[in-house]
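Engineer: Input file: entry_1.cif. Contents: mmCIF, C-alpha atoms and all ligand atoms.
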```cif
data_upload
#
loop_
_atom_site.label_atom_id
_atom_site.label_comp_id
_atom_site.auth_asym_id
_atom_site.auth_seq_id
_atom_site.Cartn_x
_atom_site.Cartn_y
_atom_site.Cartn_z
CA MET X 1098 17.41 13.02 12.99
CA THR X 1099 19.45 15.92 11.81
CA ASP X 1100 19.81 18.95 13.93
CA SER X 1101 19.53 21.81 11.51
CA THR X 1102 20.67 24.51 13.88
CA THR X 1103 24.01 23.26 15.11
CA ASN X 1104 25.56 21.67 12.01
CA ILE X 1105 27.92 19.36 13.79
CA GLY X 1106 29.96 16.91 11.76
CA MET X 1107 33.12 14.89 11.76
CA LEU X 1108 36.04 15.69 9.57
CA ALA X 1109 37.58 12.59 8.00
CA ARG X 1110 40.18 11.74 5.43
CA VAL X 1111 39.67 8.90 2.99
CA THR X 1112 42.39 6.29 3.29
CA GLY X 1113 41.06 3.48 1.03
CA PHE X 1114 38.22 1.39 -0.35
CA SER X 1115 37.02 -2.19 -0.10
CA ALA X 1116 37.64 -4.44 -3.12
CA ASP X 1117 34.16 -3.87 -4.52
CA GLY X 1118 34.48 -0.15 -3.98
CA HIS X 1119 31.43 -0.15 -1.76
CA ARG X 1120 32.99 0.63 1.52
CA VAL X 1121 35.08 3.71 2.25
CA PHE X 1122 37.72 3.70 4.98
CA PHE X 1123 38.80 6.89 6.60
CA ASP X 1124 40.88 8.42 9.39
CA LEU X 1125 39.56 10.93 11.88
CA ARG X 1126 41.51 13.85 13.29
CA ASN X 1127 41.67 12.19 16.69
CA GLY X 1128 43.60 9.27 15.23
CA ASN X 1129 40.64 6.87 15.13
CA SER X 1130 39.62 5.15 11.91
CA GLY X 1131 36.22 4.17 10.59
CA TRP X 1132 34.24 3.18 7.53
CA LEU X 1133 31.07 4.09 5.69
CA ASP X 1134 29.05 2.14 3.13
CA GLN X 1135 27.49 3.42 -0.04
CA VAL X 1136 28.46 7.01 0.00
CA GLY X 1137 28.39 7.36 -3.72
CA ASP X 1138 31.16 7.56 -6.23
CA GLY X 1139 33.74 10.14 -6.88
CA LEU X 1140 35.74 9.91 -3.66
CA ARG X 1141 39.44 9.34 -3.90
CA SER X 1142 42.05 8.34 -1.42
CA GLY X 1143 43.27 11.44 0.38
CA ASP X 1144 40.01 13.35 -0.03
CA VAL X 1145 38.79 15.21 3.02
CA ILE X 1146 35.11 14.70 3.86
CA LEU X 1147 32.67 16.00 6.42
CA ILE X 1148 30.28 13.42 7.83
CA SER X 1149 27.20 14.82 9.53
CA GLY X 1150 23.95 13.46 10.80
CA GLU X 1151 23.08 9.89 11.59
CA GLY X 1152 21.13 6.99 10.12
CA PRO X 1153 19.16 7.75 6.98
CA GLY X 1154 19.77 11.47 7.35
CA GLN X 1155 23.51 11.06 7.27
CA ARG X 1156 25.36 13.22 4.81
CA VAL X 1157 28.80 13.01 3.44
CA GLU X 1158 30.28 15.92 1.59
CA ARG X 1159 33.67 16.49 0.19
CA VAL X 1160 35.41 19.61 1.49
CA ASP X 1161 38.53 21.40 0.48
CA ALA X 1162 41.75 19.62 1.44
CA SER X 1163 42.83 22.66 3.41
CA ALA X 1164 40.15 21.80 5.98
CA TRP X 1165 42.49 19.01 7.10
CA PRO X 1166 45.63 20.89 7.95
CA ASP X 1167 48.48 18.81 6.72
CA GLU X 1168 51.33 18.37 9.12
CA LEU X 1169 54.50 19.21 7.29
CA TRP X 1170 57.77 17.35 7.71
CA VAL X 1171 61.24 17.53 6.23
CA GLY X 1172 63.03 14.84 4.26
CA VAL X 1173 65.23 14.01 1.33
CA VAL X 1174 63.69 12.94 -1.99
CA LYS X 1175 64.80 9.41 -2.86
CA ILE X 1176 62.56 8.48 -5.81
CA LYS X 1177 60.42 10.66 -8.04
CA LEU X 1178 57.96 9.08 -10.47
CA ASP X 1179 55.06 10.68 -12.33
CA ASN X 1180 52.51 9.66 -9.77
CA VAL X 1181 54.45 8.94 -6.62
CA THR X 1182 57.41 10.36 -4.71
CA VAL X 1183 59.37 8.57 -2.00
CA ILE X 1184 60.95 10.75 0.67
CA GLU X 1185 63.25 9.67 3.46
CA ALA X 1186 62.28 11.46 6.64
CA SER X 1187 63.36 10.75 10.20
CA GLY X 1188 64.98 7.51 9.18
CA ARG X 1189 62.01 6.04 7.30
CA TYR X 1190 60.50 6.20 3.83
CA ARG X 1191 57.27 8.05 3.24
CA GLN X 1192 55.25 8.01 0.09
CA VAL X 1193 53.34 10.99 -1.23
CA ARG X 1194 51.60 11.81 -4.47
CA THR X 1195 53.70 13.58 -7.06
CA ARG X 1196 51.95 16.82 -7.85
CA ASP X 1197 52.56 19.56 -10.34
CA GLY X 1198 53.52 22.98 -9.17
CA VAL X 1199 56.70 22.45 -7.20
CA ALA X 1200 59.84 21.53 -9.09
CA TYR X 1201 62.09 19.17 -7.16
CA GLU X 1202 64.45 16.33 -7.85
CA VAL X 1203 66.01 13.35 -6.23
CA GLY X 1204 68.52 14.45 -3.59
CA ASN X 1205 66.72 17.69 -2.68
CA THR X 1206 65.79 18.41 0.91
CA VAL X 1207 62.11 19.24 0.84
CA GLU X 1208 59.21 20.14 3.05
CA ALA X 1209 56.21 17.91 2.45
CA GLY X 1210 52.88 16.82 3.85
CA ASP X 1211 51.01 13.55 3.53
CA VAL X 1212 48.21 15.14 1.51
CA GLN X 1213 49.86 18.05 -0.24
CA GLY X 1214 52.99 16.18 -1.23
CA VAL X 1215 56.10 18.28 -1.68
CA VAL X 1216 55.37 21.87 -0.68
CA ARG X 1217 58.75 23.47 -1.29
CA VAL X 1218 62.42 22.78 -1.74
CA LEU X 1219 64.51 23.77 1.26
CA SER X 1220 67.87 22.90 -0.21
CA LYS X 1221 69.22 21.37 -3.39
CA GLU X 1222 71.47 19.23 -1.20
CA PRO X 1223 70.43 16.36 1.02
CA ILE X 1224 70.71 17.23 4.70
CA LYS X 1225 72.94 15.10 6.84
CA HIS X 1226 71.44 13.63 9.94
CA ILE X 1227 74.04 15.20 12.19
CA GLU X 1228 76.05 18.24 11.31
CA LEU X 1229 79.47 17.40 12.65
CA PRO X 1230 81.73 20.26 13.64
CA GLY X 1231 85.24 19.91 12.31
CA ILE X 1232 88.04 18.86 14.62
CA ASP X 1233 91.10 21.05 14.25
CA ASP X 1234 93.97 22.13 16.47
CA GLU X 1235 91.84 24.79 18.03
CA VAL X 1236 89.32 22.20 19.17
CA VAL X 1237 92.09 19.99 20.55
CA ASN X 1238 93.52 22.96 22.42
CA ARG X 1239 90.24 23.50 24.19
CA PHE X 1240 90.89 20.24 25.99
CA ARG X 1241 94.27 21.48 27.04
CA ALA X 1242 93.88 22.94 30.47
CA GLY X 1243 95.79 25.88 31.91
CA GLY X 1244 98.08 23.51 33.76
CA SER X 1245 100.57 25.29 35.97
CA SER X 1246 98.82 28.63 35.47
CA ASP X 1247 96.28 27.69 38.11
CA ARG X 1248 97.91 28.73 41.37
CA GLN X 1249 95.08 27.43 43.51
CA LEU X 1250 95.96 23.92 42.49
CA THR X 1251 98.59 22.92 44.99
CA PHE X 1252 98.93 19.92 47.24
CA ALA X 1253 98.54 22.30 50.17
CA ALA X 1254 94.86 22.65 49.30
CA PHE X 1255 94.29 18.93 49.29
CA GLY X 1256 93.29 17.74 52.74
CA GLY X 1257 93.86 14.35 54.28
CA LEU X 1258 94.27 11.15 52.29
CA GLY X 1259 98.03 11.21 52.72
CA SER X 1260 98.58 7.74 51.32
CA VAL X 1261 96.61 8.63 48.21
CA VAL X 1262 98.72 11.72 47.62
CA LYS X 1263 101.94 9.78 48.22
CA ARG X 1264 100.95 7.05 45.80
CA ALA X 1265 100.00 9.61 43.17
CA HIS X 1266 103.43 11.18 43.54
CA GLU X 1267 105.07 7.83 42.97
CA LEU X 1268 102.95 6.65 40.12
CA ILE X 1269 102.52 9.86 38.19
CA GLU X 1270 104.70 12.78 39.15
CA LEU X 1271 107.90 10.85 39.70
CA PRO X 1272 107.75 8.91 36.41
CA LEU X 1273 107.03 12.12 34.53
CA ARG X 1274 109.95 13.95 36.17
CA GLN X 1275 112.39 11.07 36.22
CA HIS X 1276 111.41 9.63 32.91
CA GLU X 1277 114.94 9.26 31.58
CA LYS X 1278 116.33 7.57 34.66
CA LEU X 1279 113.52 5.07 34.75
CA THR X 1280 114.02 4.34 31.08
CA LYS X 1281 117.75 3.75 31.71
CA ILE X 1282 116.94 1.30 34.47
CA GLY X 1283 114.67 -0.40 32.00
CA ALA X 1284 111.55 -0.03 34.10
CA ARG X 1285 108.31 -0.64 32.32
CA ALA X 1286 106.65 2.71 31.81
CA ILE X 1287 103.48 3.54 33.66
CA LYS X 1288 100.96 4.38 31.01
CA GLY X 1289 97.63 4.35 32.73
CA VAL X 1290 96.51 5.00 36.30
CA LEU X 1291 92.93 4.55 37.36
CA PHE X 1292 91.50 6.76 40.12
CA THR X 1293 88.61 5.01 41.81
CA GLY X 1294 86.39 5.97 44.71
CA PRO X 1295 83.01 7.42 45.64
CA PRO X 1296 81.88 10.77 44.19
CA GLY X 1297 83.40 13.86 45.77
CA THR X 1298 86.53 12.17 47.10
CA GLY X 1299 88.87 14.46 45.19
CA LYS X 1300 89.75 12.40 42.12
CA THR X 1301 89.31 15.27 39.69
CA MET X 1302 90.91 17.74 42.07
CA LEU X 1303 94.03 15.64 42.59
CA ALA X 1304 94.49 14.98 38.88
CA ARG X 1305 94.47 18.73 38.27
CA ILE X 1306 96.88 19.40 41.11
CA ILE X 1307 99.31 16.81 39.82
CA ALA X 1308 99.20 18.27 36.34
CA ALA X 1309 99.79 21.77 37.64
CA GLN X 1310 102.64 20.66 39.89
CA ALA X 1311 104.35 18.39 37.41
CA GLY X 1312 104.53 21.18 34.86
CA ALA X 1313 102.91 18.81 32.44
CA ALA X 1314 100.73 19.57 29.48
CA PHE X 1315 97.31 18.58 30.69
CA PHE X 1316 94.43 17.41 28.55
CA GLU X 1317 91.17 16.92 30.33
CA ILE X 1318 88.46 14.88 28.69
CA SER X 1319 85.10 14.44 30.34
CA GLY X 1320 83.39 11.17 29.50
CA PRO X 1321 79.85 12.55 29.33
CA GLU X 1322 80.98 15.47 27.19
CA ILE X 1323 82.96 13.53 24.65
CA PHE X 1324 79.97 11.30 24.31
CA SER X 1325 77.22 13.84 23.93
CA LYS X 1326 78.83 16.93 22.46
CA TRP X 1327 81.29 15.04 20.29
CA TYR X 1328 79.03 12.17 19.45
CA GLY X 1329 80.07 10.61 16.16
CA GLN X 1330 83.51 12.16 16.41
CA SER X 1331 84.65 10.91 19.76
CA GLU X 1332 87.20 8.55 18.28
CA GLU X 1333 88.71 11.18 16.02
CA LEU X 1334 88.88 13.61 18.90
CA LEU X 1335 90.60 11.09 21.15
CA ARG X 1336 93.15 10.34 18.48
CA ARG X 1337 93.91 14.02 18.01
CA ILE X 1338 94.31 14.58 21.74
CA PHE X 1339 96.69 11.63 22.08
CA ASP X 1340 98.65 12.93 19.09
CA ALA X 1341 98.91 16.37 20.64
CA ALA X 1342 100.06 14.90 23.98
CA ALA X 1343 102.73 12.79 22.32
CA ALA X 1344 103.87 15.56 19.99
CA ALA X 1345 105.49 17.68 22.68
CA THR X 1346 108.32 15.28 23.43
CA GLU X 1347 110.41 17.52 25.69
CA GLU X 1348 107.39 18.20 27.83
CA PRO X 1349 105.60 15.56 29.88
CA ALA X 1350 101.88 15.25 29.31
CA ILE X 1351 98.94 13.98 31.26
CA ILE X 1352 95.73 12.96 29.62
CA PHE X 1353 92.96 12.93 32.17
CA PHE X 1354 89.85 11.03 31.29
CA ASP X 1355 87.23 11.98 33.86
CA GLU X 1356 84.13 9.86 34.50
CA ILE X 1357 85.39 7.25 32.11
CA ASP X 1358 82.61 4.87 33.15
CA SER X 1359 80.18 6.95 31.15
CA VAL X 1360 81.77 5.67 27.95
CA ALA X 1361 83.69 2.63 28.98
CA ALA X 1362 81.06 0.48 30.61
CA GLN X 1363 81.32 -3.22 29.85
CA ARG X 1364 80.93 -3.72 26.17
CA ASP X 1365 78.13 -6.21 26.53
CA ASP X 1366 75.14 -6.53 24.23
CA ASP X 1367 73.22 -3.54 25.39
CA ALA X 1368 76.25 -1.31 25.52
CA HIS X 1369 75.83 1.28 22.88
CA GLU X 1370 77.53 0.69 19.56
CA ALA X 1371 79.20 4.08 19.73
CA SER X 1372 80.54 3.40 23.21
CA LYS X 1373 82.16 0.21 21.97
CA ARG X 1374 83.93 2.16 19.28
CA VAL X 1375 85.19 4.77 21.72
CA VAL X 1376 86.56 2.12 24.07
CA ALA X 1377 88.18 0.27 21.18
CA GLN X 1378 89.78 3.51 20.08
CA LEU X 1379 91.03 4.24 23.57
CA LEU X 1380 92.55 0.76 23.79
CA THR X 1381 94.26 1.19 20.44
CA LEU X 1382 95.67 4.55 21.47
CA MET X 1383 96.91 3.27 24.83
CA ASP X 1384 98.57 0.29 23.20
CA GLY X 1385 99.97 2.44 20.44
CA PHE X 1386 101.64 5.29 22.22
CA ASP X 1387 105.16 4.33 22.78
CA SER X 1388 106.51 4.48 26.29
CA LYS X 1389 109.31 6.81 25.26
CA GLY X 1390 106.76 9.54 24.84
CA ASN X 1391 106.43 11.05 28.27
CA VAL X 1392 102.68 10.61 28.61
CA VAL X 1393 100.55 9.26 31.45
CA VAL X 1394 96.84 8.69 31.11
CA ILE X 1395 94.75 9.07 34.24
CA ALA X 1396 91.17 7.90 34.22
CA ALA X 1397 88.70 8.52 37.04
CA THR X 1398 85.57 6.61 37.88
CA ASN X 1399 83.05 6.13 40.68
CA ARG X 1400 82.10 2.81 39.21
CA PRO X 1401 85.19 0.69 38.62
CA GLN X 1402 83.07 -2.44 38.65
CA ASP X 1403 81.39 -1.23 35.45
CA LEU X 1404 84.58 -0.71 33.51
CA ASP X 1405 85.40 -2.85 30.56
CA VAL X 1406 87.93 -5.38 31.80
CA ALA X 1407 90.00 -4.86 28.65
CA LEU X 1408 90.94 -1.45 30.04
CA ARG X 1409 92.62 -3.06 33.05
CA ARG X 1410 95.08 -5.23 31.14
CA PRO X 1411 98.85 -4.69 31.44
CA GLY X 1412 100.05 -1.64 29.60
CA ARG X 1413 96.68 0.02 29.95
CA PHE X 1414 95.08 1.07 33.25
CA ASP X 1415 96.93 -1.51 35.26
CA TRP X 1416 97.66 0.83 38.18
CA GLU X 1417 94.93 1.92 40.50
CA ILE X 1418 94.70 4.48 43.25
CA GLN X 1419 91.69 4.12 45.49
CA PHE X 1420 90.21 7.24 47.02
CA PRO X 1421 88.56 6.24 50.28
CA LEU X 1422 86.13 8.31 52.26
CA PRO X 1423 88.18 10.37 54.72
CA SER X 1424 88.96 9.19 58.23
CA MET X 1425 88.45 11.37 61.28
CA GLU X 1426 91.96 12.84 60.93
CA ASP X 1427 91.52 13.31 57.19
CA ARG X 1428 88.28 15.16 57.78
CA LEU X 1429 89.89 17.45 60.30
CA ASP X 1430 92.65 18.27 57.83
CA ILE X 1431 90.15 18.80 55.00
CA LEU X 1432 88.00 21.12 57.12
CA ILE X 1433 91.03 23.18 58.09
CA LYS X 1434 92.34 23.37 54.54
CA THR X 1435 89.00 24.17 52.95
CA ALA X 1436 88.50 26.96 55.50
CA ARG X 1437 91.72 28.64 54.38
CA GLY X 1438 91.10 31.76 52.40
CA LEU X 1439 87.75 32.32 54.10
CA GLN X 1440 87.16 35.05 56.66
CA THR X 1441 86.50 33.20 59.89
CA LEU X 1442 86.33 34.12 63.54
CA ASP X 1443 88.67 31.58 65.07
CA PRO X 1444 88.80 29.27 66.87
CA LEU X 1445 86.27 27.13 65.06
CA PRO X 1446 85.14 23.73 66.36
CA HIS X 1447 86.74 21.64 63.62
CA ASN X 1448 87.16 18.65 65.90
CA PHE X 1449 83.48 18.63 66.73
CA VAL X 1450 82.45 18.72 63.06
CA ALA X 1451 85.07 16.15 62.02
CA ALA X 1452 83.75 13.79 64.65
CA LYS X 1453 80.18 14.18 63.43
CA THR X 1454 80.84 13.61 59.75
CA ASP X 1455 81.72 9.96 59.46
CA GLY X 1456 80.97 8.78 55.93
CA TRP X 1457 81.07 12.26 54.44
CA SER X 1458 83.09 12.90 51.31
CA PRO X 1459 85.50 15.84 51.05
CA ALA X 1460 83.01 17.46 48.68
CA ASP X 1461 80.31 17.23 51.37
CA LEU X 1462 82.70 18.77 53.89
CA SER X 1463 83.65 21.68 51.67
CA ALA X 1464 79.94 22.32 51.03
CA ILE X 1465 79.64 23.26 54.70
CA TRP X 1466 81.60 26.44 53.96
CA THR X 1467 79.26 27.49 51.21
CA GLU X 1468 76.29 27.15 53.53
CA ALA X 1469 78.14 28.79 56.40
CA SER X 1470 79.05 31.78 54.23
CA LEU X 1471 75.41 32.17 53.21
CA LEU X 1472 74.33 32.14 56.83
CA ALA X 1473 76.93 34.73 57.76
CA VAL X 1474 75.86 37.02 54.95
CA ALA X 1475 72.19 36.55 55.80
CA ASP X 1476 73.13 37.81 59.25
CA ASP X 1477 74.88 40.77 57.69
CA ARG X 1478 78.37 39.70 58.68
CA SER X 1479 81.50 39.34 56.61
CA GLU X 1480 83.03 36.71 58.84
CA ILE X 1481 82.03 33.13 59.51
CA PHE X 1482 81.14 32.59 63.18
CA VAL X 1483 80.82 29.32 65.05
CA GLU X 1484 77.05 29.44 64.71
CA ASP X 1485 77.35 29.72 60.90
CA TYR X 1486 79.74 26.81 60.81
CA ILE X 1487 77.42 24.60 62.85
CA GLY X 1488 74.41 25.82 60.87
CA GLY X 1489 76.20 25.01 57.63
CA PHE X 1490 77.07 21.57 58.91
CA GLU X 1491 73.43 20.94 59.82
CA ARG X 1492 72.20 22.08 56.43
CA VAL X 1493 74.56 19.79 54.54
CA GLU X 1494 73.63 16.97 56.90
CA ARG X 1495 69.97 17.45 56.01
CA GLN X 1496 70.77 17.53 52.31
CA ARG X 1497 72.75 14.33 52.61
CA LYS X 1498 69.81 12.64 54.30
CA ARG X 1499 67.48 13.79 51.55
CA VAL X 1500 69.59 12.32 48.77
CA GLY X 1501 69.97 9.10 50.69
CA HIS X 1502 73.63 8.83 51.50
CA ARG X 1503 74.59 5.64 53.22
CA PRO X 1504 77.26 6.62 55.72
CA THR X 1505 80.59 4.79 55.50
CA ASN X 1506 79.43 2.76 52.55
CA ALA X 1507 82.60 3.54 50.70
CA GLY X 1508 82.00 1.16 47.83
CA SER X 1509 78.67 2.54 46.72
CA ALA X 1510 78.47 4.58 43.58
CA ALA X 1511 76.54 7.77 43.16
N1 LIG X 1601 91.03 16.06 49.69
C1 LIG X 1601 90.35 17.21 49.53
N2 LIG X 1601 90.69 18.33 50.19
C2 LIG X 1601 90.00 19.46 50.03
N3 LIG X 1601 88.92 19.57 49.25
C3 LIG X 1601 88.53 18.51 48.55
C4 LIG X 1601 89.23 17.28 48.64
N4 LIG X 1601 88.61 16.38 47.84
C5 LIG X 1601 87.59 17.02 47.28
N5 LIG X 1601 87.51 18.29 47.69
C6 LIG X 1601 86.51 19.29 47.34
O1 LIG X 1601 85.43 18.60 46.75
C7 LIG X 1601 85.21 19.03 45.42
C8 LIG X 1601 84.82 17.86 44.53
O2 LIG X 1601 85.91 16.98 44.42
P1 LIG X 1601 86.21 16.22 43.07
O3 LIG X 1601 87.67 16.19 42.87
O4 LIG X 1601 85.41 16.78 41.96
O5 LIG X 1601 85.67 14.76 43.44
P2 LIG X 1601 85.54 13.49 42.48
O6 LIG X 1601 86.20 13.82 41.19
O7 LIG X 1601 86.20 12.39 43.24
O8 LIG X 1601 84.06 13.24 42.35
C9 LIG X 1601 86.50 19.68 45.01
O9 LIG X 1601 86.29 20.65 44.05
C10 LIG X 1601 86.99 20.27 46.31
O10 LIG X 1601 86.35 21.49 46.56
MG MG X 1602 85.26 14.06 39.44
#
```
Turn the structure described in the file into structure tokens.
Ligand SMILES: Nc1ncnc2c1ncn2[C@@H]1O[C@H](COP(=O)(O)OP(=O)(O)O)[C@@H](O)[C@H]1O
Ligand SMILES: [Mg+2]

Structural biologist:
Amino acid sequence: MTDSTTNIGMLARVTGFSADGHRVFFDLRNGNSGWLDQVGDGLRSGDVILISGEGPGQRVERVDASAWPDELWVGVVKIKLDNVTVIEASGRYRQVRTRDGVAYEVGNTVEAGDVQGVVRVLSKEPIKHIELPGIDDEVVNRFRAGGSSDRQLTFAAFGGLGSVVKRAHELIELPLRQHEKLTKIGARAIKGVLFTGPPGTGKTMLARIIAAQAGAAFFEISGPEIFSKWYGQSEELLRRIFDAAAAATEEPAIIFFDEIDSVAAQRDDDAHEASKRVVAQLLTLMDGFDSKGNVVVIAATNRPQDLDVALRRPGRFDWEIQFPLPSMEDRLDILIKTARGLQTLDPLPHNFVAAKTDGWSPADLSAIWTEASLLAVADDRSEIFVEDYIGGFERVERQRKRVGHRPTNAGSAA
């Protein structure tokens, strides 16, 4: 029975016919497909039809193609024949009917729809999948940090972890300063030093301090950034940075590769192809730069166990400095040093807080001051009081519990 007052129907698009031409297959807007028998001649693939009614009263009528709004997409024309055009879009080939009206040729970037075919030419040129920004000296210089210009970056600001600081002096600062003497002795140059340890233990901070104090040119590369922002050009960028570091021969240079695990995870099967190439490039560069050039590469990671073992071979990152979580004394020193420069009403109970923060990283400890400052300001004061300090400690403690820190589990990664 047909309801003559509501006129409800289904919009469909013909996709094909059975061999005898009897049966018509179609797609519906909702993505379903269906078929109809004996609807008469004259339908063609791509036609838009409206199916209404049911049973004997069913009607099929052809409607204008515009009733089925064609989703438009962008691609590059690969083949153009009289009746068919092949377009590469989103990494696959799509076939549309060649229609009159729009003039286009192979190689053009076009906008097209499944039904309408090519709608317009967007560019005579094929678009590239990724538009790569050029790498020039200016780009390389952006990786060159201010170095000694940053006054804040002194060893005096770095609390605790005395053995770490001492080892860093020996392995990095001393070789950079006493390069000639060491060369005379015939010592094998230290090329790569790996900083390992849990997040927030000061790896990045110490690398920057060393660079500032050693008066070295400092290039800082962040693993995640070189991989996302410079995707497809990471290798070229690395090469240029190493070149720039080696170029200034009178001046020592430090290349700091932060969060190296983000690119240099084990090159096993599921490691990304691009990551393999970046690691291979890094290995080539480390092997290639000659030890006379006064360059040390520092790499930092929270996940040393994930690093490609090839990076740990002699002449690469064969020196390691482990950043442990701070001891009670370290924590006391860190709390005192991170409080410097803040307005505080002394004395503050540093011993109490240091005793309560076993398993905390230096970053956790310094976060106490942020919270304490907020509490002081909320109370309309411009000085941190004991109550703010304790309140700040409690807030950070709660946050640590929320994110599931496992106290004293020094080996765990973030
Ligand atoms: N030994 C330290 N003394 C004082 N503050 C520190 C120390 N280590 C870390 N911090 C603080 O924690 C923040 C994060 O440290 P960061 O060097 O980024 O850790 P990592 O690189 O190991 O994850 C630093 O910006 C600094 O404010
Ligand atoms: Mg870091």

Engineer: For ligand LIG 1601 (chain X), which of X:Gly1131, X:Gly1294, X:Gly1204, X:Pro1166 is the closest residue, counting only C-alpha atoms and all ligand atoms?

Structural biologist: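 Nearest candidate to ligand LIG 1601 (chain X) out of X:Gly1131, X:Gly1294, X:Gly1204, X:Pro1166: X:Gly1294.
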
Engineer: Give me the chain X side of the contact with ligand LIG 1601 (chain X), cut-off 9 Å, one line per residue showing its nearest atom pair and distance in Å at one decimal, counting all atoms listed in the file, sorted by chain and residue number, as CSV.

Structural biologist:
```
residue,atom,partner,partner_atom,distance
X:Phe1252,CA,X:LIG1601,N2,8.9
X:Ala1253,CA,X:LIG1601,N2,8.8
X:Ala1254,CA,X:LIG1601,C2,5.9
X:Phe1255,CA,X:LIG1601,N2,3.8
X:Gly1256,CA,X:LIG1601,N2,3.7
X:Gly1257,CA,X:LIG1601,N1,5.7
X:Leu1258,CA,X:LIG1601,N1,6.4
X:Phe1292,CA,X:LIG1601,O7,8.3
X:Thr1293,CA,X:LIG1601,O7,7.9
X:Gly1294,CA,X:LIG1601,O7,6.6
X:Pro1295,CA,X:LIG1601,O7,6.4
X:Pro1296,CA,X:LIG1601,O8,3.8
X:Gly1297,CA,X:LIG1601,O5,3.4
X:Thr1298,CA,X:LIG1601,O7,3.9
X:Gly1299,CA,X:LIG1601,O3,3.1
X:Lys1300,CA,X:LIG1601,O7,3.7
X:Thr1301,CA,X:LIG1601,O3,3.7
X:Met1302,CA,X:LIG1601,O3,3.7
X:Leu1303,CA,X:LIG1601,O3,6.4
X:Ala1304,CA,X:LIG1601,O3,8.0
X:Arg1305,CA,X:LIG1601,O3,8.6
X:Asp1355,CA,X:LIG1601,O6,7.6
X:Glu1356,CA,X:LIG1601,O6,8.0
X:Ala1397,CA,X:LIG1601,O6,7.2
X:Thr1398,CA,X:LIG1601,O7,7.9
X:Asn1399,CA,X:LIG1601,O8,7.4
X:Phe1420,CA,X:LIG1601,O7,7.5
X:Pro1423,CA,X:LIG1601,N1,8.1
X:Asp1427,CA,X:LIG1601,N1,8.0
X:Arg1428,CA,X:LIG1601,N2,8.6
X:Asp1430,CA,X:LIG1601,N2,7.9
X:Ile1431,CA,X:LIG1601,N2,4.9
X:Leu1432,CA,X:LIG1601,C2,7.6
X:Ile1433,CA,X:LIG1601,C2,8.9
X:Lys1434,CA,X:LIG1601,C2,6.4
X:Thr1435,CA,X:LIG1601,C2,5.6
X:Ser1458,CA,X:LIG1601,C5,7.3
X:Pro1459,CA,X:LIG1601,C5,4.5
X:Ala1460,CA,X:LIG1601,O1,3.3
X:Asp1461,CA,X:LIG1601,O1,7.0
X:Leu1462,CA,X:LIG1601,C6,7.6
X:Ser1463,CA,X:LIG1601,C6,5.7
X:Ala1464,CA,X:LIG1601,O10,7.9
```

Engineer: Can you write out the residues you just picked, keeping C-alpha atoms, as a compact mmCIF listing (two decimals), keeping the file's coordinate frame?

Structural biologist:
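Okay, selection_8.txt is ready:
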```txt
# COMPACT_ATOMS: atom_id res chain seq x y z
CA PHE X 1252 98.93 19.92 47.24
CA ALA X 1253 98.54 22.30 50.17
CA ALA X 1254 94.86 22.65 49.30
CA PHE X 1255 94.29 18.93 49.29
CA GLY X 1256 93.29 17.74 52.74
CA GLY X 1257 93.86 14.35 54.28
CA LEU X 1258 94.27 11.15 52.29
CA PHE X 1292 91.50 6.76 40.12
CA THR X 1293 88.61 5.01 41.81
CA GLY X 1294 86.39 5.97 44.71
CA PRO X 1295 83.01 7.42 45.64
CA PRO X 1296 81.88 10.77 44.19
CA GLY X 1297 83.40 13.86 45.77
CA THR X 1298 86.53 12.17 47.10
CA GLY X 1299 88.87 14.46 45.19
CA LYS X 1300 89.75 12.40 42.12
CA THR X 1301 89.31 15.27 39.69
CA MET X 1302 90.91 17.74 42.07
CA LEU X 1303 94.03 15.64 42.59
CA ALA X 1304 94.49 14.98 38.88
CA ARG X 1305 94.47 18.73 38.27
CA ASP X 1355 87.23 11.98 33.86
CA GLU X 1356 84.13 9.86 34.50
CA ALA X 1397 88.70 8.52 37.04
CA THR X 1398 85.57 6.61 37.88
CA ASN X 1399 83.05 6.13 40.68
CA PHE X 1420 90.21 7.24 47.02
CA PRO X 1423 88.18 10.37 54.72
CA ASP X 1427 91.52 13.31 57.19
CA ARG X 1428 88.28 15.16 57.78
CA ASP X 1430 92.65 18.27 57.83
CA ILE X 1431 90.15 18.80 55.00
CA LEU X 1432 88.00 21.12 57.12
CA ILE X 1433 91.03 23.18 58.09
CA LYS X 1434 92.34 23.37 54.54
CA THR X 1435 89.00 24.17 52.95
CA SER X 1458 83.09 12.90 51.31
CA PRO X 1459 85.50 15.84 51.05
CA ALA X 1460 83.01 17.46 48.68
CA ASP X 1461 80.31 17.23 51.37
CA LEU X 1462 82.70 18.77 53.89
CA SER X 1463 83.65 21.68 51.67
CA ALA X 1464 79.94 22.32 51.03
```

Engineer: Calculated over all atoms listed in the file, which of the candidates X:Tyr1486, X:Phe1354, X:Phe1386, X:Trp1466 has the smallest distance to ligand MG 1602 (chain X)?

Structural biologist: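 For ligand MG 1602 (chain X), the nearest of the given residues is X:Phe1354.
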
Engineer: Nearest to Pro1411 in chain X: which of X:Val1290, X:Asp1443, X:Glu1277, X:Gly1152 is it, counting only C-alpha atoms?

Structural biologist: X:Val1290

Engineer: For a test of reading the model, state the distance in Å between CA of Val1203 in chain X and CA of Thr1112 in chain X, rounded to one decimal.

Structural biologist: 26.4 Å

Engineer: Choose the residue, out of X:Arg1189, X:Lys1326, X:Arg1400, X:Arg1196, that has the smallest atom-to-atom separation from ligand MG 1602 (chain X); count all atoms listed in the file.

Structural biologist: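 Of X:Arg1189, X:Lys1326, X:Arg1400, X:Arg1196, the one nearest ligand MG 1602 (chain X) is X:Arg1400, counting all atoms listed in the file.
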